[in-house]
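*Asks:* Here it is, the structure in full.
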Amino acid sequence: MASQQRPPRPASGAAGGRPARAARPVGSPTRGTTHPNRLRRMDRWIAAAHGPALRRTARADGRAVAVDLGYGAAPWTAVELLDRLRTACPRVEVAGVEIDAERVAAARPYERAGLAFLRGGFEVPLPGGARPALIRAANVLRQYGADEVPAAWDRLTGRLGPNGLLVEGTCDEAGRRHVWVALGPEGPRTLTFAARLASLDAPSDLAERLPKALIHRNVPGEPVHAFLRDFDRAWAAAAPYAALGARQRWIRAASALAGDWPLTDGPGRWRQGELTVAWRAVAPRGWGT
């Protein structure tokens with residue numbers, strides 16, 4: 001892995017300096033596992049899907065603040081999030097938020113203009129009560145119970161600013177397989193699957209990376225199980241396209257799947273090894289009742 005250079009630490013970080021000492025952070029520390037480039041698929045999707053909203057927020061407020069919640073034992077994911085989001089919104093700032101004080105202290109030398117590290121949890125304690133335009137929580141809720149997810153989602157989306165987005169999901173340690181939910185202040189919107197396609201035998205290989213809200217629902221009778229079953233069938237039917245590469249096979253399978261499921265993206269994103277479906281189609285039975 002390439003070594004990371006430590007930029008000089010500024011007098012103040014993103015979101016206008018340090019918050020006052022607050023009550024005990026809400027939540028529990030994660031395992032902290034992190035590697036450079038682990039969240040690249042999620043970052044690129046966010047920049048493409050949410051970039052226009054970030055730019056509108058920056059124009060209206062002078063800046064747009066994004067939060068990397070639970071970045072782990074090393075600051076790489078927050079550093080990379082800033083760099084990738086700035087391709088879509090040059091005035092974005094990132095605050096890495098961690099519940100573990102030692103992790104925050106270890107990350108502080110990596111601060112630079114537009115990047116700060118703060119101690120906190122699901123309360124997302126930005127200075128001055130700022131409301132972020134984006135909260136990314138990757139591999140955070142996986143350690144919680146499925147019954148705890150709705151309350152965590154409600155708390156996090158309640159911190160969002162107007163047109164804000166929460167992206168919550170899970171990936172493997174190398175970042176080759178990733179599934180995430182995108183939520184607005186009103187609740188879940190979409191579910192996205194992303195993968196290094198050459199590593200897949202079938203789309204259902206991604207089931208082990210379903211977010212906590214869905215991973216125990218991948219059973220017969222549940223919508224997400226039906227979706228993955230149909231995706232596998234479309235993938236099998238597209239086998240002749242494998243001669244042109246896994247990407248062409250994925251695009252063909254996605255095109256077939258779109259006839260029966262409300263996909264919200266198209267070939268431009270499918271070529272990136274992604275596929276996004278409306279949450280309403282895959283939500284657990286009884287969701288929201």
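By order in the structure tokens, chains are A, B, ...; within a chain, residues start at 1; ligands start at 1, following the order shown.
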Which residues come within 8 Å of Leu115 in chain A, counting only C-alpha atoms, excluding same-chain residues fewer than 4 positions away, as a PDB file with all heavy atoms, in the first residue's frame?

*Replies:*
```pdb
ATOM      1  N   GLY A  13     -10.141  23.155  11.833  1.00  0.00           N
ATOM      2  CA  GLY A  13     -10.472  22.217  10.783  1.00  0.00           C
ATOM      3  C   GLY A  13     -11.779  22.559  10.112  1.00  0.00           C
ATOM      4  O   GLY A  13     -12.245  23.686  10.138  1.00  0.00           O
ATOM      5  N   ALA A  14     -12.382  21.520   9.464  1.00  0.00           N
ATOM      6  CA  ALA A  14     -13.640  21.710   8.773  1.00  0.00           C
ATOM      7  C   ALA A  14     -14.731  22.083   9.752  1.00  0.00           C
ATOM      8  O   ALA A  14     -14.672  21.800  10.943  1.00  0.00           O
ATOM      9  CB  ALA A  14     -14.015  20.410   8.048  1.00  0.00           C
ATOM     10  N   ALA A  78     -11.669   9.235   5.639  1.00  0.00           N
ATOM     11  CA  ALA A  78     -12.067  10.642   5.656  1.00  0.00           C
ATOM     12  C   ALA A  78     -11.207  11.469   4.702  1.00  0.00           C
ATOM     13  O   ALA A  78     -11.708  12.347   3.987  1.00  0.00           O
ATOM     14  CB  ALA A  78     -11.974  11.195   7.075  1.00  0.00           C
ATOM     15  N   VAL A  79      -9.899  11.200   4.697  1.00  0.00           N
ATOM     16  CA  VAL A  79      -8.992  11.901   3.782  1.00  0.00           C
ATOM     17  C   VAL A  79      -9.425  11.665   2.334  1.00  0.00           C
ATOM     18  O   VAL A  79      -9.516  12.600   1.523  1.00  0.00           O
ATOM     19  CB  VAL A  79      -7.543  11.428   3.998  1.00  0.00           C
ATOM     20  CG1 VAL A  79      -6.621  12.003   2.929  1.00  0.00           C
ATOM     21  CG2 VAL A  79      -7.056  11.815   5.389  1.00  0.00           C
ATOM     22  N   LEU A  82     -12.793  13.457   1.275  1.00  0.00           N
ATOM     23  CA  LEU A  82     -12.611  14.859   0.909  1.00  0.00           C
ATOM     24  C   LEU A  82     -12.077  14.977  -0.519  1.00  0.00           C
ATOM     25  O   LEU A  82     -12.611  15.755  -1.332  1.00  0.00           O
ATOM     26  CB  LEU A  82     -11.653  15.538   1.883  1.00  0.00           C
ATOM     27  CG  LEU A  82     -11.337  17.003   1.565  1.00  0.00           C
ATOM     28  CD1 LEU A  82     -12.585  17.871   1.696  1.00  0.00           C
ATOM     29  CD2 LEU A  82     -10.230  17.527   2.486  1.00  0.00           C
ATOM     30  N   GLU A  93     -16.397  20.378   2.684  1.00  0.00           N
ATOM     31  CA  GLU A  93     -15.517  20.121   3.814  1.00  0.00           C
ATOM     32  C   GLU A  93     -15.923  18.798   4.441  1.00  0.00           C
ATOM     33  O   GLU A  93     -17.090  18.401   4.372  1.00  0.00           O
ATOM     34  CB  GLU A  93     -15.618  21.243   4.847  1.00  0.00           C
ATOM     35  CG  GLU A  93     -15.254  22.618   4.304  1.00  0.00           C
ATOM     36  CD  GLU A  93     -15.441  23.722   5.333  1.00  0.00           C
ATOM     37  OE1 GLU A  93     -15.782  23.416   6.491  1.00  0.00           O
ATOM     38  OE2 GLU A  93     -15.259  24.893   4.965  1.00  0.00           O
ATOM     39  N   VAL A  94     -14.987  18.118   5.057  1.00  0.00           N
ATOM     40  CA  VAL A  94     -15.258  16.818   5.671  1.00  0.00           C
ATOM     41  C   VAL A  94     -14.879  16.851   7.140  1.00  0.00           C
ATOM     42  O   VAL A  94     -13.802  17.342   7.501  1.00  0.00           O
ATOM     43  CB  VAL A  94     -14.498  15.683   4.952  1.00  0.00           C
ATOM     44  CG1 VAL A  94     -14.563  14.379   5.751  1.00  0.00           C
ATOM     45  CG2 VAL A  94     -15.083  15.464   3.561  1.00  0.00           C
ATOM     46  N   ALA A  95     -15.762  16.312   7.969  1.00  0.00           N
ATOM     47  CA  ALA A  95     -15.480  16.093   9.384  1.00  0.00           C
ATOM     48  C   ALA A  95     -15.509  14.596   9.642  1.00  0.00           C
ATOM     49  O   ALA A  95     -16.531  13.945   9.431  1.00  0.00           O
ATOM     50  CB  ALA A  95     -16.513  16.792  10.261  1.00  0.00           C
ATOM     51  N   GLY A  96     -14.376  14.031  10.053  1.00  0.00           N
ATOM     52  CA  GLY A  96     -14.341  12.650  10.480  1.00  0.00           C
ATOM     53  C   GLY A  96     -14.773  12.584  11.936  1.00  0.00           C
ATOM     54  O   GLY A  96     -14.218  13.278  12.787  1.00  0.00           O
ATOM     55  N   GLU A 111      -5.086  16.511   9.738  1.00  0.00           N
ATOM     56  CA  GLU A 111      -5.994  17.599   9.406  1.00  0.00           C
ATOM     57  C   GLU A 111      -5.342  18.583   8.435  1.00  0.00           C
ATOM     58  O   GLU A 111      -4.127  18.767   8.418  1.00  0.00           O
ATOM     59  CB  GLU A 111      -6.428  18.338  10.675  1.00  0.00           C
ATOM     60  CG  GLU A 111      -7.346  17.514  11.558  1.00  0.00           C
ATOM     61  CD  GLU A 111      -7.856  18.296  12.762  1.00  0.00           C
ATOM     62  OE1 GLU A 111      -7.131  19.218  13.198  1.00  0.00           O
ATOM     63  OE2 GLU A 111      -8.959  17.998  13.237  1.00  0.00           O
TER      64      GLU A 111
END
```

*Asks:* Which residues are near range 245-254 of chain A? Cut-off 7 Å, only C-alpha atoms, ignore same chain within fewer than 6 positions. Put them as a list in words.

*Replies:*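 In the requested form, the answer reads Leu197, Ala198, Ala234, Trp235, Ala238, Ala239, Pro267, Trp270, Arg271 and Gly273 of chain A.
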
*Asks:* The selected residues should be written to file as a compact mmCIF listing (two decimals), in the first residue's frame (atoms: all heavy atoms).

*Replies:*
```txt
# COMPACT_ATOMS: atom_id res chain seq x y z
N LEU A 197 -16.40 -6.65 -10.60
CA LEU A 197 -17.21 -7.68 -11.25
C LEU A 197 -16.45 -8.97 -11.50
O LEU A 197 -17.04 -10.06 -11.48
CB LEU A 197 -17.79 -7.13 -12.55
CG LEU A 197 -18.71 -5.92 -12.37
CD1 LEU A 197 -19.22 -5.44 -13.71
CD2 LEU A 197 -19.87 -6.25 -11.44
N ALA A 198 -15.15 -8.88 -11.74
CA ALA A 198 -14.38 -10.09 -12.00
C ALA A 198 -14.33 -11.02 -10.80
O ALA A 198 -14.00 -12.20 -10.94
CB ALA A 198 -12.96 -9.72 -12.43
N ALA A 234 -31.04 -13.39 -14.19
CA ALA A 234 -30.66 -12.52 -15.29
C ALA A 234 -29.17 -12.67 -15.61
O ALA A 234 -28.76 -12.64 -16.77
CB ALA A 234 -31.00 -11.07 -14.94
N TRP A 235 -28.36 -12.82 -14.57
CA TRP A 235 -26.92 -13.03 -14.74
C TRP A 235 -26.65 -14.34 -15.48
O TRP A 235 -25.80 -14.38 -16.39
CB TRP A 235 -26.27 -13.03 -13.36
CG TRP A 235 -24.80 -13.27 -13.31
CD1 TRP A 235 -24.17 -14.43 -12.98
CD2 TRP A 235 -23.75 -12.32 -13.55
NE1 TRP A 235 -22.81 -14.28 -12.99
CE2 TRP A 235 -22.52 -12.98 -13.35
CE3 TRP A 235 -23.73 -10.97 -13.91
CZ2 TRP A 235 -21.28 -12.35 -13.49
CZ3 TRP A 235 -22.51 -10.34 -14.06
CH2 TRP A 235 -21.30 -11.02 -13.85
N ALA A 238 -27.46 -14.03 -19.08
CA ALA A 238 -26.50 -13.19 -19.79
C ALA A 238 -25.14 -13.84 -19.93
O ALA A 238 -24.18 -13.19 -20.36
CB ALA A 238 -26.36 -11.85 -19.05
N ALA A 239 -25.04 -15.12 -19.63
CA ALA A 239 -23.74 -15.82 -19.68
C ALA A 239 -23.03 -15.69 -21.02
O ALA A 239 -21.79 -15.57 -21.05
CB ALA A 239 -23.93 -17.29 -19.30
N PRO A 267 -27.15 2.47 -17.74
CA PRO A 267 -25.88 1.92 -18.21
C PRO A 267 -24.65 2.68 -17.76
O PRO A 267 -23.59 2.08 -17.56
CB PRO A 267 -26.04 1.95 -19.74
CG PRO A 267 -27.51 1.85 -19.96
CD PRO A 267 -28.14 2.61 -18.83
N TRP A 270 -24.06 1.28 -14.41
CA TRP A 270 -23.86 -0.17 -14.51
C TRP A 270 -22.44 -0.47 -14.99
O TRP A 270 -21.83 -1.45 -14.55
CB TRP A 270 -24.88 -0.79 -15.47
CG TRP A 270 -26.31 -0.61 -15.06
CD1 TRP A 270 -26.77 -0.27 -13.81
CD2 TRP A 270 -27.46 -0.72 -15.90
NE1 TRP A 270 -28.15 -0.18 -13.82
CE2 TRP A 270 -28.60 -0.45 -15.09
CE3 TRP A 270 -27.66 -1.03 -17.24
CZ2 TRP A 270 -29.90 -0.48 -15.59
CZ3 TRP A 270 -28.96 -1.06 -17.75
CH2 TRP A 270 -30.06 -0.79 -16.93
N ARG A 271 -21.92 0.37 -15.87
CA ARG A 271 -20.56 0.16 -16.37
C ARG A 271 -19.52 0.26 -15.25
O ARG A 271 -18.40 -0.25 -15.38
CB ARG A 271 -20.23 1.19 -17.45
CG ARG A 271 -20.93 0.95 -18.77
CD ARG A 271 -20.50 1.98 -19.81
NE ARG A 271 -19.06 1.90 -20.04
CZ ARG A 271 -18.47 1.02 -20.84
NH1 ARG A 271 -19.20 0.13 -21.49
NH2 ARG A 271 -17.16 1.03 -21.01
N GLY A 273 -19.90 -1.14 -12.44
CA GLY A 273 -20.11 -2.28 -11.55
C GLY A 273 -21.10 -1.98 -10.45
O GLY A 273 -21.00 -2.52 -9.35
```

*Asks:* Listing only residues of range 134-193 of chain A within 8 Å of range 39-47 of chain A, what is the closest atom pair and its distance in Å (to one decimal) for each, using only C-alpha atoms, sorted by chain and residue number ascending, as a tab-separated table?

*Replies:*
```
residue	atom	partner	partner_atom	distance
A:Ala138	CA	A:Leu39	CA	7.9
A:Cys171	CA	A:Leu39	CA	7.7
A:Gly175	CA	A:Leu39	CA	5.9
A:His178	CA	A:Arg41	CA	7.5
A:Trp180	CA	A:Met42	CA	7.9
```

*Asks:* Could you pull out the helix (DSSP H, G or I) residues of range 128-223 of chain A from DSSP and send them as an mmCIF file with C-alpha atoms, in the first residue's frame?

*Replies:*
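Saved the output as states_9.cif:
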```cif
data_model
loop_
_atom_site.group_PDB
_atom_site.id
_atom_site.type_symbol
_atom_site.label_atom_id
_atom_site.label_comp_id
_atom_site.auth_asym_id
_atom_site.auth_seq_id
_atom_site.Cartn_x
_atom_site.Cartn_y
_atom_site.Cartn_z
ATOM 1 C CA GLY A 128 -22.336 25.473 16.086
ATOM 2 C CA GLY A 129 -24.939 22.776 15.524
ATOM 3 C CA LEU A 141 -24.348 -0.445 12.018
ATOM 4 C CA ARG A 142 -23.195 -3.971 11.169
ATOM 5 C CA GLN A 143 -22.276 -4.498 14.829
ATOM 6 C CA ALA A 146 -31.355 -5.186 13.343
ATOM 7 C CA ASP A 147 -33.973 -3.767 15.712
ATOM 8 C CA GLU A 148 -31.638 -0.842 16.472
ATOM 9 C CA VAL A 149 -31.274 0.260 12.857
ATOM 10 C CA PRO A 150 -34.508 2.295 12.447
ATOM 11 C CA ALA A 151 -33.706 4.444 15.491
ATOM 12 C CA ALA A 152 -30.128 5.001 14.299
ATOM 13 C CA TRP A 153 -31.366 5.964 10.849
ATOM 14 C CA ASP A 154 -33.930 8.343 12.333
ATOM 15 C CA ARG A 155 -31.320 9.995 14.522
ATOM 16 C CA LEU A 156 -28.834 10.437 11.690
ATOM 17 C CA THR A 157 -31.321 11.649 9.092
ATOM 18 C CA LEU A 197 -17.208 -7.682 -11.249
ATOM 19 C CA ALA A 198 -14.377 -10.087 -11.997
ATOM 20 C CA SER A 199 -14.640 -11.315 -8.406
ATOM 21 C CA PRO A 203 -24.806 -11.211 -7.984
ATOM 22 C CA SER A 204 -26.077 -13.023 -4.889
ATOM 23 C CA ASP A 205 -22.440 -13.187 -3.722
ATOM 24 C CA LEU A 206 -23.139 -9.635 -2.536
ATOM 25 C CA ALA A 207 -25.770 -10.877 -0.062
ATOM 26 C CA GLU A 208 -23.156 -11.225 2.679
ATOM 27 C CA ARG A 209 -22.607 -7.440 2.470
ATOM 28 C CA LYS A 212 -27.936 -4.639 8.770
ATOM 29 C CA ALA A 213 -31.537 -3.734 7.957
ATOM 30 C CA LEU A 214 -31.599 -6.418 5.239
ATOM 31 C CA ILE A 215 -28.960 -9.050 5.929
ATOM 32 C CA PRO A 223 -38.433 -8.836 -1.284
#
```

*Asks:* Using only C-alpha atoms, which of A:Asp100, A:Asp68, A:Asp230, A:Glu186 sits nearest Pro162 in chain A?

*Replies:*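 Smallest distance to Pro162 in chain A is found for A:Glu186.
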
*Asks:* Provide the CA of Ala258 in chain A to CA of Thr170 in chain A distance in Å, to one decimal place.

*Replies:*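 Going from CA of Ala258 in chain A over to CA of Thr170 in chain A, I get 24.0 Å.
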
*Asks:* Give the strand (DSSP E) residues of range 105-167 of chain A, as assigned by DSSP on the backbone, as a list of chain:residue names.

*Replies:* A:Leu115, A:Ala116, A:Phe117, A:Leu118, A:Arg119, A:Leu134, A:Ile135, A:Arg136, A:Ala137, A:Ala138, A:Leu165, A:Leu166, A:Val167

*Asks:* Under the rule that only C-alpha atoms are counted, which of A:Val97, A:Leu200, A:Leu85, A:Ala283 is the nearest residue to Val181 in chain A?

*Replies:* A:Ala283

*Asks:* Got a sec: who's within 8 Å of Thr264 in chain A, counting only C-alpha atoms, leaving out chain neighbours fewer than 2 positions off, as a list of chain:residue names?

*Replies:*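 Answer for this query is A:Thr190, A:Pro262, A:Gly266, A:Thr276, A:Val277, A:Ala278.
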
*Asks:* Please dump the current selection as a PDB file, in the first residue's frame; keep C-alpha atoms.

*Replies:*
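Result went into again.pdb, see below:
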```pdb
ATOM      1  CA  THR A 190     -32.490   3.391  -2.665  1.00  0.00           C
ATOM      2  CA  PRO A 262     -37.601  -0.295 -10.358  1.00  0.00           C
ATOM      3  CA  GLY A 266     -28.756   3.098 -16.051  1.00  0.00           C
ATOM      4  CA  THR A 276     -29.355   0.786  -7.722  1.00  0.00           C
ATOM      5  CA  VAL A 277     -32.952  -0.231  -6.957  1.00  0.00           C
ATOM      6  CA  ALA A 278     -35.711   1.742  -5.241  1.00  0.00           C
TER       7      ALA A 278
END
```

*Asks:* For Arg103 in chain A, which residue out of A:Leu263, A:Leu118, A:Ala64, A:Leu275 is the nearest one, using only C-alpha atoms?

*Replies:*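 Closest residue, counting only C-alpha atoms: A:Leu118.
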
*Asks:* Find the spatial neighbours of Ala58 in chain A, counting only C-alpha atoms, within a cut-off of 10 Å - ignore same-chain residues fewer than 5 positions away - and output them as a PyMOL selection string.

*Replies:* chain A and resi 52-53+63-65+89-93+133

*Asks:* Report as a PyMOL selection string all protein, DNA and RNA residues lying within 6 Å of Leu165 in chain A, evaluated on only C-alpha atoms, omitting residues in the same chain fewer than 4 positions from it.

*Replies:* chain A and resi 134+183-184

*Asks:* Just want the 8 Å neighbourhood of Pro132 in chain A, counted on only C-alpha atoms, with same-chain residues fewer than 6 positions away dropped. Output as a PDB file with all heavy atoms, in the first residue's frame.

*Replies:*
```
ATOM      1  N   ALA A  64     -20.336  23.198   1.973  1.00  0.00           N
ATOM      2  CA  ALA A  64     -21.143  22.013   2.248  1.00  0.00           C
ATOM      3  C   ALA A  64     -20.309  21.091   3.127  1.00  0.00           C
ATOM      4  O   ALA A  64     -19.155  20.816   2.814  1.00  0.00           O
ATOM      5  CB  ALA A  64     -21.513  21.301   0.951  1.00  0.00           C
ATOM      6  N   VAL A  65     -20.873  20.631   4.230  1.00  0.00           N
ATOM      7  CA  VAL A  65     -20.141  19.798   5.179  1.00  0.00           C
ATOM      8  C   VAL A  65     -20.586  18.342   5.045  1.00  0.00           C
ATOM      9  O   VAL A  65     -21.783  18.033   5.072  1.00  0.00           O
ATOM     10  CB  VAL A  65     -20.353  20.274   6.624  1.00  0.00           C
ATOM     11  CG1 VAL A  65     -19.607  19.367   7.603  1.00  0.00           C
ATOM     12  CG2 VAL A  65     -19.895  21.716   6.784  1.00  0.00           C
ATOM     13  N   ALA A  66     -19.613  17.455   4.887  1.00  0.00           N
ATOM     14  CA  ALA A  66     -19.855  16.021   4.845  1.00  0.00           C
ATOM     15  C   ALA A  66     -19.216  15.380   6.069  1.00  0.00           C
ATOM     16  O   ALA A  66     -18.152  15.808   6.520  1.00  0.00           O
ATOM     17  CB  ALA A  66     -19.273  15.414   3.572  1.00  0.00           C
ATOM     18  N   VAL A  67     -19.848  14.351   6.613  1.00  0.00           N
ATOM     19  CA  VAL A  67     -19.371  13.657   7.801  1.00  0.00           C
ATOM     20  C   VAL A  67     -19.028  12.216   7.458  1.00  0.00           C
ATOM     21  O   VAL A  67     -19.828  11.505   6.838  1.00  0.00           O
ATOM     22  CB  VAL A  67     -20.440  13.684   8.915  1.00  0.00           C
ATOM     23  CG1 VAL A  67     -20.046  12.757  10.071  1.00  0.00           C
ATOM     24  CG2 VAL A  67     -20.641  15.110   9.422  1.00  0.00           C
ATOM     25  N   ARG A 159     -30.321  14.747  11.658  1.00  0.00           N
ATOM     26  CA  ARG A 159     -29.231  15.720  11.730  1.00  0.00           C
ATOM     27  C   ARG A 159     -28.932  16.351  10.377  1.00  0.00           C
ATOM     28  O   ARG A 159     -28.183  17.320  10.294  1.00  0.00           O
ATOM     29  CB  ARG A 159     -27.958  15.028  12.252  1.00  0.00           C
ATOM     30  CG  ARG A 159     -28.004  14.686  13.717  1.00  0.00           C
ATOM     31  CD  ARG A 159     -27.891  15.947  14.589  1.00  0.00           C
ATOM     32  NE  ARG A 159     -26.565  16.554  14.467  1.00  0.00           N
ATOM     33  CZ  ARG A 159     -26.337  17.771  13.993  1.00  0.00           C
ATOM     34  NH1 ARG A 159     -27.333  18.531  13.570  1.00  0.00           N
ATOM     35  NH2 ARG A 159     -25.092  18.249  13.931  1.00  0.00           N
ATOM     36  N   LEU A 160     -29.499  15.803   9.310  1.00  0.00           N
ATOM     37  CA  LEU A 160     -29.189  16.291   7.973  1.00  0.00           C
ATOM     38  C   LEU A 160     -29.763  17.685   7.732  1.00  0.00           C
ATOM     39  O   LEU A 160     -30.829  18.033   8.233  1.00  0.00           O
ATOM     40  CB  LEU A 160     -29.745  15.342   6.911  1.00  0.00           C
ATOM     41  CG  LEU A 160     -29.112  13.953   6.821  1.00  0.00           C
ATOM     42  CD1 LEU A 160     -29.917  13.087   5.862  1.00  0.00           C
ATOM     43  CD2 LEU A 160     -27.655  14.035   6.376  1.00  0.00           C
ATOM     44  N   GLY A 161     -29.052  18.435   6.919  1.00  0.00           N
ATOM     45  CA  GLY A 161     -29.586  19.691   6.451  1.00  0.00           C
ATOM     46  C   GLY A 161     -30.566  19.468   5.312  1.00  0.00           C
ATOM     47  O   GLY A 161     -30.801  18.332   4.885  1.00  0.00           O
ATOM     48  N   GLY A 164     -30.183  16.922   2.398  1.00  0.00           N
ATOM     49  CA  GLY A 164     -29.055  16.115   2.836  1.00  0.00           C
ATOM     50  C   GLY A 164     -29.258  14.642   2.548  1.00  0.00           C
ATOM     51  O   GLY A 164     -30.362  14.180   2.236  1.00  0.00           O
TER      52      GLY A 164
END
```

*Asks:* Fewer than 2 positions away in the same chain doesn't count, so skip those; otherwise give me all residues within 8 Å of Thr77 in chain A, counting only C-alpha atoms, as a PyMOL selection string.

*Replies:* chain A and resi 34-39+68+71+74-75+79-81
